[in-house]
$ cat model_20.cif   # mmCIF, C-alpha atoms and all ligand atoms
data_work
loop_
_atom_site.label_atom_id
_atom_site.label_comp_id
_atom_site.auth_asym_id
_atom_site.auth_seq_id
_atom_site.Cartn_x
_atom_site.Cartn_y
_atom_site.Cartn_z
CA MET A 1 -16.38 8.83 -13.59
CA ALA A 2 -18.03 6.82 -16.35
CA ALA A 3 -16.36 3.64 -17.51
CA VAL A 4 -13.90 4.47 -20.24
CA SER A 5 -12.33 2.01 -22.62
CA LEU A 6 -8.89 2.71 -23.92
CA MET A 7 -9.72 0.74 -27.02
CA SER A 8 -10.61 2.98 -29.91
CA MET A 9 -13.67 1.89 -31.78
CA ASP A 10 -11.79 0.42 -34.73
CA GLU A 11 -10.09 -2.02 -32.35
CA ALA A 12 -13.02 -2.88 -30.13
CA PRO A 13 -14.74 -6.20 -30.77
CA SER A 14 -17.98 -5.57 -32.64
CA ASP A 15 -20.09 -8.27 -30.98
CA ASN A 16 -22.26 -6.97 -28.18
CA ILE A 17 -22.76 -9.27 -25.21
CA VAL A 18 -26.30 -10.56 -24.76
CA TYR A 19 -27.54 -11.68 -21.34
CA ASP A 20 -31.07 -13.03 -21.24
CA GLY A 21 -32.07 -10.90 -24.17
CA ILE A 22 -30.53 -7.72 -22.75
CA VAL A 23 -27.86 -6.27 -24.98
CA ASP A 24 -24.88 -4.80 -23.15
CA ASP A 25 -23.55 -2.30 -25.65
CA SER A 26 -20.96 -0.78 -23.31
CA PRO A 27 -17.50 -0.83 -24.84
CA THR A 28 -15.74 -4.11 -24.09
CA ARG A 29 -13.10 -3.68 -21.46
CA PRO A 30 -9.83 -5.52 -21.72
CA THR A 31 -9.24 -7.85 -18.79
CA GLY A 32 -6.03 -7.36 -16.90
CA LEU A 33 -3.39 -10.01 -16.54
CA TYR A 34 -3.48 -12.65 -13.85
CA VAL A 35 -0.01 -12.43 -12.34
CA ARG A 36 1.41 -15.21 -10.21
CA VAL A 37 4.79 -14.93 -8.54
CA ARG A 38 6.19 -18.24 -7.34
CA ASN A 39 9.08 -18.77 -4.94
CA MET A 40 10.73 -15.61 -6.22
CA VAL A 41 14.27 -15.04 -5.01
CA LYS A 42 16.62 -12.17 -5.78
CA HIS A 43 20.00 -12.04 -4.08
CA PHE A 44 22.53 -9.31 -4.75
CA SER A 45 26.26 -9.72 -4.19
CA THR A 46 27.53 -6.84 -2.10
CA ALA A 47 30.81 -6.00 -0.36
CA LYS A 48 29.25 -7.25 2.90
CA GLY A 49 28.08 -10.53 1.37
CA LEU A 50 24.96 -11.85 -0.21
CA PHE A 51 22.02 -9.48 0.17
CA ARG A 52 18.64 -11.22 0.25
CA ALA A 53 16.47 -8.52 -1.26
CA VAL A 54 13.67 -10.97 -2.10
CA ASP A 55 13.94 -14.33 -0.43
CA GLY A 56 11.18 -16.69 -1.53
CA VAL A 57 8.00 -14.79 -2.29
CA ASP A 58 4.64 -16.10 -3.52
CA VAL A 59 2.03 -13.57 -4.55
CA ASP A 60 -1.16 -13.91 -6.59
CA ILE A 61 -2.43 -10.82 -8.33
CA GLU A 62 -5.97 -11.28 -9.61
CA PRO A 63 -6.89 -9.95 -13.05
CA SER A 64 -7.89 -6.27 -12.99
CA SER A 65 -7.22 -5.95 -9.27
CA ILE A 66 -5.08 -3.36 -7.51
CA VAL A 67 -2.37 -4.78 -5.28
CA ALA A 68 -0.25 -2.61 -3.01
CA LEU A 69 3.23 -3.67 -1.91
CA LEU A 70 3.84 -2.13 1.50
CA GLY A 71 6.71 -2.48 3.94
CA PRO A 72 9.65 -0.76 5.58
CA SER A 73 12.51 0.68 3.58
CA GLY A 74 14.74 -2.01 2.10
CA SER A 75 12.18 -4.79 2.54
CA GLY A 76 12.18 -5.79 -1.15
CA LYS A 77 9.09 -4.09 -2.60
CA THR A 78 10.78 -2.30 -5.48
CA THR A 79 12.93 -5.32 -6.24
CA LEU A 80 9.81 -7.47 -6.62
CA LEU A 81 8.22 -4.84 -8.87
CA ARG A 82 11.36 -4.76 -11.01
CA LEU A 83 11.36 -8.55 -11.22
CA VAL A 84 7.75 -8.51 -12.44
CA ALA A 85 8.71 -5.81 -14.95
CA GLY A 86 11.65 -7.84 -16.24
CA LEU A 87 14.13 -5.16 -15.15
CA GLU A 88 15.86 -7.66 -12.83
CA THR A 89 16.68 -11.31 -13.49
CA PRO A 90 15.54 -13.61 -10.70
CA THR A 91 18.04 -15.69 -8.76
CA ALA A 92 15.30 -18.33 -8.62
CA GLY A 93 11.55 -18.60 -9.04
CA HIS A 94 8.95 -17.96 -11.69
CA ILE A 95 6.51 -15.33 -12.82
CA TYR A 96 3.39 -16.34 -14.70
CA PHE A 97 1.24 -14.00 -16.78
CA ASP A 98 -2.07 -15.83 -17.14
CA ASP A 99 -0.93 -19.34 -18.10
CA THR A 100 2.36 -18.28 -19.65
CA ASP A 101 5.69 -18.54 -17.88
CA ALA A 102 6.87 -14.94 -18.27
CA THR A 103 10.05 -15.33 -16.20
CA ASN A 104 12.34 -14.94 -19.21
CA LEU A 105 10.23 -12.57 -21.31
CA SER A 106 11.95 -9.34 -22.34
CA VAL A 107 10.68 -6.08 -20.84
CA GLN A 108 9.19 -5.08 -24.23
CA ASP A 109 7.29 -8.34 -24.58
CA ARG A 110 5.64 -8.00 -21.17
CA GLN A 111 3.29 -5.21 -22.32
CA ILE A 112 3.54 -3.30 -19.08
CA GLY A 113 2.91 0.35 -18.30
CA PHE A 114 5.17 2.03 -15.73
CA VAL A 115 4.85 5.10 -13.55
CA PHE A 116 7.71 6.07 -11.28
CA GLN A 117 8.07 8.72 -8.59
CA SER A 118 10.16 10.94 -10.82
CA TYR A 119 7.98 11.94 -13.73
CA ALA A 120 10.37 10.80 -16.47
CA LEU A 121 8.54 12.94 -19.00
CA PHE A 122 10.39 14.40 -21.97
CA ASN A 123 10.63 18.10 -21.25
CA HIS A 124 11.18 19.01 -24.91
CA LYS A 125 7.99 17.23 -25.98
CA THR A 126 4.48 18.54 -25.41
CA VAL A 127 2.08 16.68 -23.17
CA ALA A 128 0.36 15.11 -26.20
CA GLU A 129 3.72 14.13 -27.71
CA ASN A 130 4.76 12.54 -24.44
CA ILE A 131 1.59 10.46 -24.44
CA LYS A 132 1.96 9.55 -28.10
CA PHE A 133 5.48 8.37 -27.37
CA GLY A 134 3.86 5.52 -25.44
CA LEU A 135 2.11 4.50 -28.67
CA GLU A 136 5.12 4.98 -30.93
CA VAL A 137 7.41 2.69 -28.93
CA ARG A 138 4.85 -0.08 -29.22
CA LYS A 139 4.21 0.75 -32.88
CA LEU A 140 0.47 0.60 -32.32
CA ASN A 141 -1.62 1.03 -35.41
CA VAL A 142 -4.20 3.43 -33.99
CA ASP A 143 -5.00 7.08 -34.54
CA HIS A 144 -2.40 8.62 -32.25
CA ASP A 145 -4.02 12.05 -31.98
CA LYS A 146 -7.36 10.56 -31.11
CA ARG A 147 -5.89 8.20 -28.55
CA ALA A 148 -3.86 11.02 -26.93
CA ALA A 149 -7.04 13.10 -26.64
CA GLU A 150 -8.92 10.14 -25.10
CA LEU A 151 -6.16 9.59 -22.59
CA LEU A 152 -5.95 13.27 -21.68
CA ALA A 153 -9.67 13.24 -20.97
CA LEU A 154 -9.25 10.06 -18.93
CA VAL A 155 -6.66 11.69 -16.66
CA GLN A 156 -8.68 14.92 -16.49
CA LEU A 157 -6.25 17.02 -18.50
CA ALA A 158 -8.39 17.57 -21.59
CA GLY A 159 -7.18 20.57 -23.55
CA LEU A 160 -3.67 20.64 -22.08
CA GLY A 161 -2.05 18.55 -24.83
CA ASP A 162 -0.06 21.48 -26.25
CA ARG A 163 1.59 22.42 -22.97
CA TYR A 164 5.11 21.39 -22.03
CA PRO A 165 5.74 19.44 -18.80
CA LYS A 166 7.33 22.46 -17.11
CA GLN A 167 4.06 24.34 -17.58
CA LEU A 168 2.24 21.79 -15.42
CA SER A 169 2.03 21.20 -11.66
CA GLY A 170 3.64 18.09 -10.14
CA GLY A 171 0.25 16.39 -9.86
CA GLN A 172 -0.60 17.18 -13.48
CA ARG A 173 2.75 15.80 -14.61
CA GLN A 174 2.02 12.54 -12.82
CA ARG A 175 -1.34 12.41 -14.59
CA VAL A 176 0.53 12.74 -17.90
CA ALA A 177 2.89 9.95 -16.83
CA LEU A 178 -0.15 7.79 -16.07
CA ALA A 179 -1.72 8.60 -19.44
CA ARG A 180 1.52 7.71 -21.20
CA ALA A 181 1.79 4.44 -19.27
CA LEU A 182 -1.77 3.56 -20.30
CA ALA A 183 -1.36 4.66 -23.93
CA SER A 184 -0.40 1.27 -25.29
CA ASN A 185 -3.26 -0.51 -23.50
CA PRO A 186 -1.04 -2.44 -21.10
CA ARG A 187 -2.54 -5.41 -19.30
CA LEU A 188 -0.37 -4.67 -16.29
CA LEU A 189 0.40 -1.29 -14.73
CA LEU A 190 3.32 -0.96 -12.33
CA LEU A 191 3.62 2.11 -10.13
CA ASP A 192 6.60 2.77 -7.87
CA GLU A 193 5.84 5.45 -5.28
CA PRO A 194 3.99 7.41 -7.96
CA PHE A 195 2.86 10.16 -5.60
CA GLY A 196 5.96 10.23 -3.41
CA ALA A 197 7.06 13.69 -4.55
CA LEU A 198 3.67 15.35 -4.16
CA ASP A 199 2.08 17.16 -1.24
CA ALA A 200 -0.65 15.51 0.83
CA VAL A 201 -3.63 17.21 -0.81
CA VAL A 202 -2.51 16.49 -4.39
CA ARG A 203 -1.58 12.94 -3.35
CA LYS A 204 -5.09 12.32 -2.18
CA GLN A 205 -6.68 13.77 -5.32
CA LEU A 206 -4.44 11.66 -7.53
CA ARG A 207 -5.12 8.59 -5.45
CA THR A 208 -8.85 8.96 -6.04
CA SER A 209 -8.30 9.54 -9.76
CA LEU A 210 -5.95 6.58 -10.05
CA LYS A 211 -8.48 4.30 -8.42
CA GLU A 212 -11.23 5.41 -10.81
CA ILE A 213 -9.00 5.27 -13.87
CA VAL A 214 -7.51 1.83 -13.35
CA ARG A 215 -10.90 0.41 -12.44
CA SER A 216 -12.50 1.85 -15.57
CA VAL A 217 -9.67 0.63 -17.78
CA GLY A 218 -9.55 -2.81 -16.13
CA VAL A 219 -5.76 -2.99 -16.01
CA THR A 220 -4.15 -5.15 -13.32
CA THR A 221 -2.17 -2.76 -11.15
CA ILE A 222 0.71 -3.19 -8.71
CA ILE A 223 1.71 -0.17 -6.66
CA VAL A 224 4.69 0.16 -4.33
CA THR A 225 4.08 2.64 -1.56
CA HIS A 226 5.36 3.68 1.85
CA ASP A 227 2.04 5.24 2.65
CA GLN A 228 -0.25 2.92 4.59
CA GLU A 229 -3.33 5.04 4.07
CA GLU A 230 -2.67 5.01 0.34
CA ALA A 231 -2.22 1.24 0.29
CA PHE A 232 -5.34 0.52 2.33
CA ASP A 233 -7.48 2.96 0.40
CA LEU A 234 -6.38 1.90 -3.09
CA ALA A 235 -5.80 -1.79 -2.96
CA ASP A 236 -7.97 -4.88 -3.20
CA LYS A 237 -5.06 -6.74 -1.69
CA VAL A 238 -2.17 -5.45 0.42
CA VAL A 239 1.09 -7.42 0.49
CA ILE A 240 3.30 -6.54 3.42
CA PHE A 241 7.01 -7.15 3.05
CA ASN A 242 9.62 -7.53 5.73
CA ARG A 243 13.25 -8.47 5.16
CA GLY A 244 12.68 -9.86 1.68
CA LEU A 245 9.69 -11.97 2.71
CA VAL A 246 5.95 -11.53 2.58
CA GLU A 247 4.84 -11.24 6.18
CA GLN A 248 1.12 -11.14 5.35
CA GLN A 249 -1.11 -10.61 2.34
CA GLY A 250 -4.83 -10.05 2.34
CA THR A 251 -7.59 -7.51 1.95
CA PRO A 252 -7.10 -4.27 3.88
CA THR A 253 -9.79 -5.38 6.33
CA GLU A 254 -8.12 -8.76 6.95
CA ILE A 255 -4.81 -7.10 7.65
CA ILE A 256 -6.25 -4.50 9.96
CA LYS A 257 -8.56 -6.86 11.82
CA LYS A 258 -6.40 -9.97 11.88
CA PRO A 259 -2.72 -9.05 11.90
CA ARG A 260 -0.99 -12.41 11.70
CA THR A 261 2.33 -11.54 13.30
CA PRO A 262 3.69 -9.08 15.87
CA PHE A 263 5.52 -7.35 13.02
CA ILE A 264 2.26 -6.68 11.18
CA MET A 265 0.53 -5.57 14.36
CA LYS A 266 3.31 -3.07 15.03
CA PHE A 267 3.72 -1.99 11.39
CA VAL A 268 0.04 -1.40 10.71
CA GLY A 269 -1.63 0.99 13.09
CA GLU A 270 -0.72 2.25 16.53
CA THR A 271 0.40 -0.03 19.34
CA ASN A 272 1.24 0.20 23.01
CA VAL A 273 4.20 -1.89 24.15
CA VAL A 274 4.66 -2.85 27.80
CA PRO A 275 6.97 -5.40 29.46
CA ALA A 276 5.45 -8.86 29.96
CA SER A 277 6.47 -8.41 33.60
CA SER A 278 4.51 -5.15 33.99
CA VAL A 279 1.71 -4.81 36.50
CA LEU A 280 -0.73 -4.31 33.63
CA ALA A 281 0.14 -7.59 31.82
CA LYS A 282 0.11 -9.49 35.10
CA ARG A 283 -3.16 -8.04 36.35
CA MET A 284 -4.79 -8.93 33.02
CA ARG A 285 -3.37 -12.44 33.55
CA PHE A 286 -1.67 -12.35 30.17
CA ILE A 287 0.86 -15.16 30.30
CA THR A 288 3.53 -15.31 27.60
CA PRO A 289 7.05 -16.68 27.23
CA LYS A 290 7.87 -13.48 25.31
CA SER A 291 9.42 -10.43 26.93
CA LYS A 292 6.97 -7.78 25.70
CA VAL A 293 3.28 -7.33 25.20
CA MET A 294 1.53 -5.13 22.67
CA PHE A 295 -2.03 -3.94 22.28
CA ARG A 296 -3.88 -1.24 20.38
CA PRO A 297 -4.52 2.09 22.15
CA HIS A 298 -8.22 1.76 21.32
CA ASP A 299 -8.39 -1.55 23.19
CA ILE A 300 -7.96 0.23 26.53
CA LYS A 301 -11.07 0.48 28.66
CA LEU A 302 -10.78 3.33 31.07
CA PHE A 303 -12.69 4.03 34.26
CA LYS A 304 -12.59 7.28 36.20
CA THR A 305 -14.16 5.75 39.26
CA LEU A 306 -14.59 2.13 40.22
CA ASP A 307 -16.66 -0.24 42.23
CA PRO A 308 -14.46 -2.08 44.76
CA GLU A 309 -15.14 -5.27 42.77
CA GLU A 310 -13.62 -3.79 39.59
CA LYS A 311 -10.46 -2.73 41.39
CA ARG A 312 -9.21 -6.32 41.26
CA THR A 313 -9.44 -6.47 37.47
CA THR A 314 -8.04 -3.06 36.59
CA VAL A 315 -4.76 -1.24 37.14
CA ALA A 316 -4.53 2.26 38.57
CA ALA A 317 -2.62 4.84 36.53
CA THR A 318 -1.95 8.55 36.59
CA VAL A 319 -2.77 10.74 33.61
CA ALA A 320 0.73 11.96 32.72
CA ASP A 321 -0.03 13.97 29.58
CA LYS A 322 -2.82 15.08 27.29
CA ALA A 323 -1.93 15.82 23.66
CA ASN A 324 -4.48 17.59 21.52
CA LEU A 325 -4.03 16.39 17.93
CA GLY A 326 -7.05 18.06 16.38
CA TRP A 327 -9.77 15.46 16.01
CA VAL A 328 -7.83 12.99 18.15
CA ILE A 329 -6.88 13.34 21.79
CA LYS A 330 -3.94 11.29 23.01
CA TYR A 331 -3.46 10.66 26.71
CA THR A 332 -0.30 9.20 28.26
CA LEU A 333 -1.12 7.00 31.24
CA ARG A 334 1.61 6.12 33.75
CA PHE A 335 1.18 3.04 35.91
CA ASP A 336 2.69 2.83 39.38
CA ASP A 337 5.55 0.65 38.07
CA ASP A 338 6.45 3.60 35.76
CA VAL A 339 5.34 1.75 32.64
CA GLU A 340 3.44 4.05 30.29
CA CYS A 341 0.85 3.53 27.60
CA GLU A 342 -1.21 5.74 25.33
CA LEU A 343 -4.94 6.06 25.04
CA GLN A 344 -6.45 7.58 21.92
CA LEU A 345 -9.91 9.06 21.82
CA THR A 346 -11.83 11.02 19.28
CA ARG A 347 -12.38 14.60 20.39
CA GLN A 348 -16.10 13.88 20.62
CA GLN A 349 -15.54 10.82 22.85
CA ASP A 350 -13.20 12.80 25.05
CA GLU A 351 -15.58 15.73 25.47
CA ARG A 352 -18.59 13.48 26.05
CA GLU A 353 -17.14 10.83 28.36
CA TYR A 354 -13.63 11.52 29.62
CA ASN A 355 -12.08 14.98 29.59
CA LEU A 356 -9.30 13.75 31.88
CA VAL A 357 -7.21 16.10 33.98
CA VAL A 358 -3.44 15.66 33.92
CA GLY A 359 -2.36 14.31 37.33
CA SER A 360 -5.69 12.59 38.04
CA ARG A 361 -6.01 8.87 38.77
CA VAL A 362 -7.77 6.47 36.40
CA TYR A 363 -8.23 2.70 36.14
CA VAL A 364 -7.24 0.69 33.09
CA TYR A 365 -8.52 -2.58 31.72
CA VAL A 366 -7.25 -4.30 28.56
CA SER A 367 -8.76 -7.59 27.46
CA ARG A 368 -6.25 -10.47 27.30
CA ARG A 369 -7.62 -11.21 23.83
CA ALA A 370 -6.38 -7.83 22.61
CA MET A 371 -2.83 -8.54 23.84
CA LEU A 372 -0.02 -10.10 21.85
CA GLY A 373 3.30 -11.33 23.30
CA PHE A 374 6.49 -10.72 21.31
CA ASP A 375 10.25 -10.41 21.49
CA PRO A 376 12.00 -7.41 19.91
CA SER A 377 13.47 -9.75 17.25
CA ASP A 378 9.92 -10.59 16.11
CA VAL A 379 9.40 -7.02 14.91
CA ASP A 380 12.87 -6.46 13.49
CA SER A 381 12.86 -4.98 10.01
CA THR A 382 16.61 -4.68 9.40
CA PRO A 383 17.32 -6.08 5.92
CA VAL A 384 19.16 -9.43 6.00
CA VAL A 385 22.71 -9.62 4.63
N1 LIG A 401 21.48 -3.73 -7.52
C1 LIG A 401 21.54 -3.89 -6.20
N2 LIG A 401 22.67 -4.29 -5.61
C2 LIG A 401 22.76 -4.49 -4.28
N3 LIG A 401 21.72 -4.30 -3.43
C3 LIG A 401 20.55 -3.89 -3.97
C4 LIG A 401 20.40 -3.66 -5.38
N4 LIG A 401 19.12 -3.29 -5.60
C5 LIG A 401 18.51 -3.26 -4.39
N5 LIG A 401 19.36 -3.62 -3.43
C6 LIG A 401 19.09 -3.71 -2.00
O1 LIG A 401 17.97 -4.56 -1.81
C7 LIG A 401 17.20 -4.07 -0.70
C8 LIG A 401 15.77 -4.04 -1.10
O2 LIG A 401 15.63 -2.95 -1.94
P1 LIG A 401 14.22 -2.48 -2.46
O3 LIG A 401 14.47 -1.25 -3.28
O4 LIG A 401 13.53 -3.61 -3.08
O5 LIG A 401 13.53 -2.10 -1.10
P2 LIG A 401 12.17 -1.33 -0.88
O6 LIG A 401 11.37 -2.17 0.04
O7 LIG A 401 11.56 -0.97 -2.18
O8 LIG A 401 12.70 -0.08 -0.11
P3 LIG A 401 12.37 1.45 -0.32
O9 LIG A 401 10.98 1.60 0.17
O10 LIG A 401 13.37 2.15 0.53
O11 LIG A 401 12.52 1.74 -1.79
C9 LIG A 401 17.74 -2.71 -0.33
O12 LIG A 401 18.45 -2.80 0.89
C10 LIG A 401 18.66 -2.35 -1.47
O13 LIG A 401 19.79 -1.65 -1.01
#
$ encode --input "model_20.cif" --output "structure tokens" --more "lines below"
Ligand SMILES: Nc1ncnc2c1ncn2[C@@H]1O[C@H](COP(=O)(O)OP(=O)(O)OP(=O)(O)O)[C@@H](O)[C@H]1O
Amino acid sequence: MAAVSLMSMDEAPSDNIVYDGIVDDSPTRPTGLYVRVRNMVKHFSTAKGLFRAVDGVDVDIEPSSIVALLGPSGSGKTTLLRLVAGLETPTAGHIYFDDTDATNLSVQDRQIGFVFQSYALFNHKTVAENIKFGLEVRKLNVDHDKRAAELLALVQLAGLGDRYPKQLSGGQRQRVALARALASNPRLLLLDEPFGALDAVVRKQLRTSLKEIVRSVGVTTIIVTHDQEEAFDLADKVVIFNRGLVEQQGTPTEIIKKPRTPFIMKFVGETNVVPASSVLAKRMRFITPKSKVMFRPHDIKLFKTLDPEEKRTTVAATVADKANLGWVIKYTLRFDDDVECELQLTRQQDEREYNLVVGSRVYVYVSRRAMLGFDPSDVDSTPVV
């Protein structure tokens, strides 16, 4: 999709930018807000006591970037989003928008666009009227019809302005909600599970559109999601919450390649968990004071036959099950101490190299470097009261 500015021409700065004699006459894009959250705390009083929904969080959200807040249910993602929006008052901490302390700004003065899971469109208004509502509330002095048409084109609904929300699919309604949120040219867009109610195919289409749209508009975007694939695909930075705290934040690649804690390792991607006292952990000489050991299924090296030399560095197992999951084949391997682990292969890998028979014997090697010791409390995600 071509870069689209939400500024209409009468608002756009007239000066073109000149670099070394080359005139860049593309419409000037607004830069998104730089959002900094500092030592943010939000405690709720409940019948059971003080609930630490957000318990001291620092997050930096670069201008015009997309940041995904990911984490188990009840970990504080939505509460942080609501704090940034001004819909909750912090117990402690600060929020800065660029260099301004925005902690006590009213919701209206924050210039934020919102999209929630439930469409929150006015059913008695047409699509265009719904979008124009976003302009009316901010009393923006622009040509409303023209802006609504621009926004409809941006969200790929050109020509549907006269329809009513009930005449649209769920995905189209969410596109309208996005257009409305962008109508007033917000510098910050907040999305709370925006695709939660949609089926997988529509979710994916909207995800792609959202990425293109927010990048072309240049708005800083924070999205709360349960969906890891969504978070990793969309975001420049993923912030993973657990029990009101940020457990890790970084680029998707950093989080996948360098999970900093056992919680992250278990939360992101598949893991095998075996006792630290298992034959496998011992044979790999993995020494840990912790009670359990985890490693990724793809870190297993498997041999169907062995040289006598290799027998000392591997552990024999029986193929207990083979699950055919389409493009992925999942084997369950049972060691002689009855500990089990899973091995995942692509179908191609399996057909080319393995094709294991249930009941056959195999030999397993896992590098010590791929193993991580942990106690069950290290991966606990029960919210703290
Ligand atoms: N007004 C409130 N009063 C008391 N507790 C609250 C209030 N708002 C939120 N909570 C609690 O704070 C915790 C964090 O909620 P939050 O909605 O931020 O979690 P979340 O990570 O977004 O979870 P989910 O993915 O399920 O929406 C939850 O256990 C919730 O019950």
$ closest_residue --input "model_20.cif" --among "A:Lys237, A:Arg352, A:Lys257, A:Lys77" --to "ligand LIG 401 (chain A)" --atoms "only C-alpha atoms and all ligand atoms"
A:Lys77
$ closest_atom_pairs --input "model_20.cif" --of "chain A" --to "ligand LIG 401 (chain A)" --cutoff "6 Å" --atoms "all atoms listed in the file" --output "tab-separated table"
residue	atom	partner	partner_atom	distance
A:Phe44	CA	A:LIG401	C2	4.8
A:Thr46	CA	A:LIG401	C2	5.7
A:Ala53	CA	A:LIG401	O1	4.3
A:Pro72	CA	A:LIG401	O6	6.0
A:Ser73	CA	A:LIG401	O10	3.5
A:Gly74	CA	A:LIG401	O5	3.4
A:Ser75	CA	A:LIG401	O6	3.7
A:Gly76	CA	A:LIG401	O4	3.2
A:Lys77	CA	A:LIG401	O6	4.0
A:Thr78	CA	A:LIG401	O7	3.6
A:Thr79	CA	A:LIG401	O4	3.6
$ residues_around --input "model_20.cif" --residues "Asp337 in chain A" --least-positions-apart "3" --cutoff "12 Å" --atoms "all atoms listed in the file" --output "list in words"
Val274, Pro275, Ser277, Ser278, Val279, Leu280, Ala281, Lys282, Val315, Ala316, Ala317, Thr318, Leu333, Arg334, Glu340 and Cys341 of chain A
$ atom_distance --input "model_20.cif" --atom1 "CA of His144 in chain A" --atom2 "CA of Ser184 in chain A"
10.3 Å
$ closest_residue --input "model_20.cif" --among "A:Gly86, A:Gly244, A:Gly171, A:Pro194" --to "Val57 in chain A" --atoms "all atoms listed in the file"
A:Gly244
$ closest_residue --input "model_20.cif" --among "A:Thr332, A:Asn185, A:Gln249, A:Asn324" --to "Gln111 in chain A" --atoms "only C-alpha atoms"
A:Asn185
$ residues_around --input "model_20.cif" --residues "Arg180 in chain A" --least-positions-apart "6" --cutoff "10 Å" --atoms "only C-alpha atoms" --output "list in words"
Gly113, Phe114, Val115, Leu121, Val127, Ala128, Glu129, Asn130, Ile131, Lys132, Phe133, Gly134, Leu135, Ala148, Leu151, Leu152 and Gln174 of chain A
$ closest_residue --input "model_20.cif" --among "A:Glu62, A:Asp299, A:Asp109, A:Asp199" --to "Leu345 in chain A" --atoms "all atoms listed in the file"
A:Asp299
$ build_atoms --input "model_20.cif" --residues "range 167-180 of chain A" --atoms "N, CA and C atoms" --output "PDB file, keeping the file's coordinate frame"
ATOM      1  N   GLN A 167       5.210  23.439 -17.764  1.00  0.00           N
ATOM      2  CA  GLN A 167       4.060  24.340 -17.580  1.00  0.00           C
ATOM      3  C   GLN A 167       2.946  23.679 -16.771  1.00  0.00           C
ATOM      4  N   LEU A 168       3.250  22.517 -16.198  1.00  0.00           N
ATOM      5  CA  LEU A 168       2.240  21.790 -15.420  1.00  0.00           C
ATOM      6  C   LEU A 168       2.675  21.684 -13.957  1.00  0.00           C
ATOM      7  N   SER A 169       1.701  21.452 -13.077  1.00  0.00           N
ATOM      8  CA  SER A 169       2.030  21.200 -11.660  1.00  0.00           C
ATOM      9  C   SER A 169       2.543  19.763 -11.543  1.00  0.00           C
ATOM     10  N   GLY A 170       3.122  19.449 -10.380  1.00  0.00           N
ATOM     11  CA  GLY A 170       3.640  18.090 -10.140  1.00  0.00           C
ATOM     12  C   GLY A 170       2.542  17.040 -10.304  1.00  0.00           C
ATOM     13  N   GLY A 171       1.363  17.340  -9.778  1.00  0.00           N
ATOM     14  CA  GLY A 171       0.250  16.390  -9.860  1.00  0.00           C
ATOM     15  C   GLY A 171      -0.179  16.183 -11.306  1.00  0.00           C
ATOM     16  N   GLN A 172      -0.198  17.295 -12.069  1.00  0.00           N
ATOM     17  CA  GLN A 172      -0.600  17.180 -13.480  1.00  0.00           C
ATOM     18  C   GLN A 172       0.439  16.368 -14.258  1.00  0.00           C
ATOM     19  N   ARG A 173       1.705  16.567 -13.916  1.00  0.00           N
ATOM     20  CA  ARG A 173       2.750  15.800 -14.610  1.00  0.00           C
ATOM     21  C   ARG A 173       2.592  14.306 -14.341  1.00  0.00           C
ATOM     22  N   GLN A 174       2.214  13.969 -13.114  1.00  0.00           N
ATOM     23  CA  GLN A 174       2.020  12.540 -12.820  1.00  0.00           C
ATOM     24  C   GLN A 174       0.805  11.992 -13.552  1.00  0.00           C
ATOM     25  N   ARG A 175      -0.186  12.849 -13.791  1.00  0.00           N
ATOM     26  CA  ARG A 175      -1.340  12.410 -14.590  1.00  0.00           C
ATOM     27  C   ARG A 175      -0.902  12.122 -16.024  1.00  0.00           C
ATOM     28  N   VAL A 176       0.015  12.979 -16.536  1.00  0.00           N
ATOM     29  CA  VAL A 176       0.530  12.740 -17.900  1.00  0.00           C
ATOM     30  C   VAL A 176       1.299  11.414 -17.922  1.00  0.00           C
ATOM     31  N   ALA A 177       2.116  11.201 -16.883  1.00  0.00           N
ATOM     32  CA  ALA A 177       2.890   9.950 -16.830  1.00  0.00           C
ATOM     33  C   ALA A 177       1.951   8.748 -16.818  1.00  0.00           C
ATOM     34  N   LEU A 178       0.830   8.887 -16.119  1.00  0.00           N
ATOM     35  CA  LEU A 178      -0.150   7.790 -16.070  1.00  0.00           C
ATOM     36  C   LEU A 178      -0.783   7.590 -17.448  1.00  0.00           C
ATOM     37  N   ALA A 179      -1.126   8.701 -18.095  1.00  0.00           N
ATOM     38  CA  ALA A 179      -1.720   8.600 -19.440  1.00  0.00           C
ATOM     39  C   ALA A 179      -0.729   7.937 -20.396  1.00  0.00           C
ATOM     40  N   ARG A 180       0.524   8.308 -20.291  1.00  0.00           N
ATOM     41  CA  ARG A 180       1.520   7.710 -21.200  1.00  0.00           C
ATOM     42  C   ARG A 180       1.660   6.209 -20.931  1.00  0.00           C
TER      43      ARG A 180
END
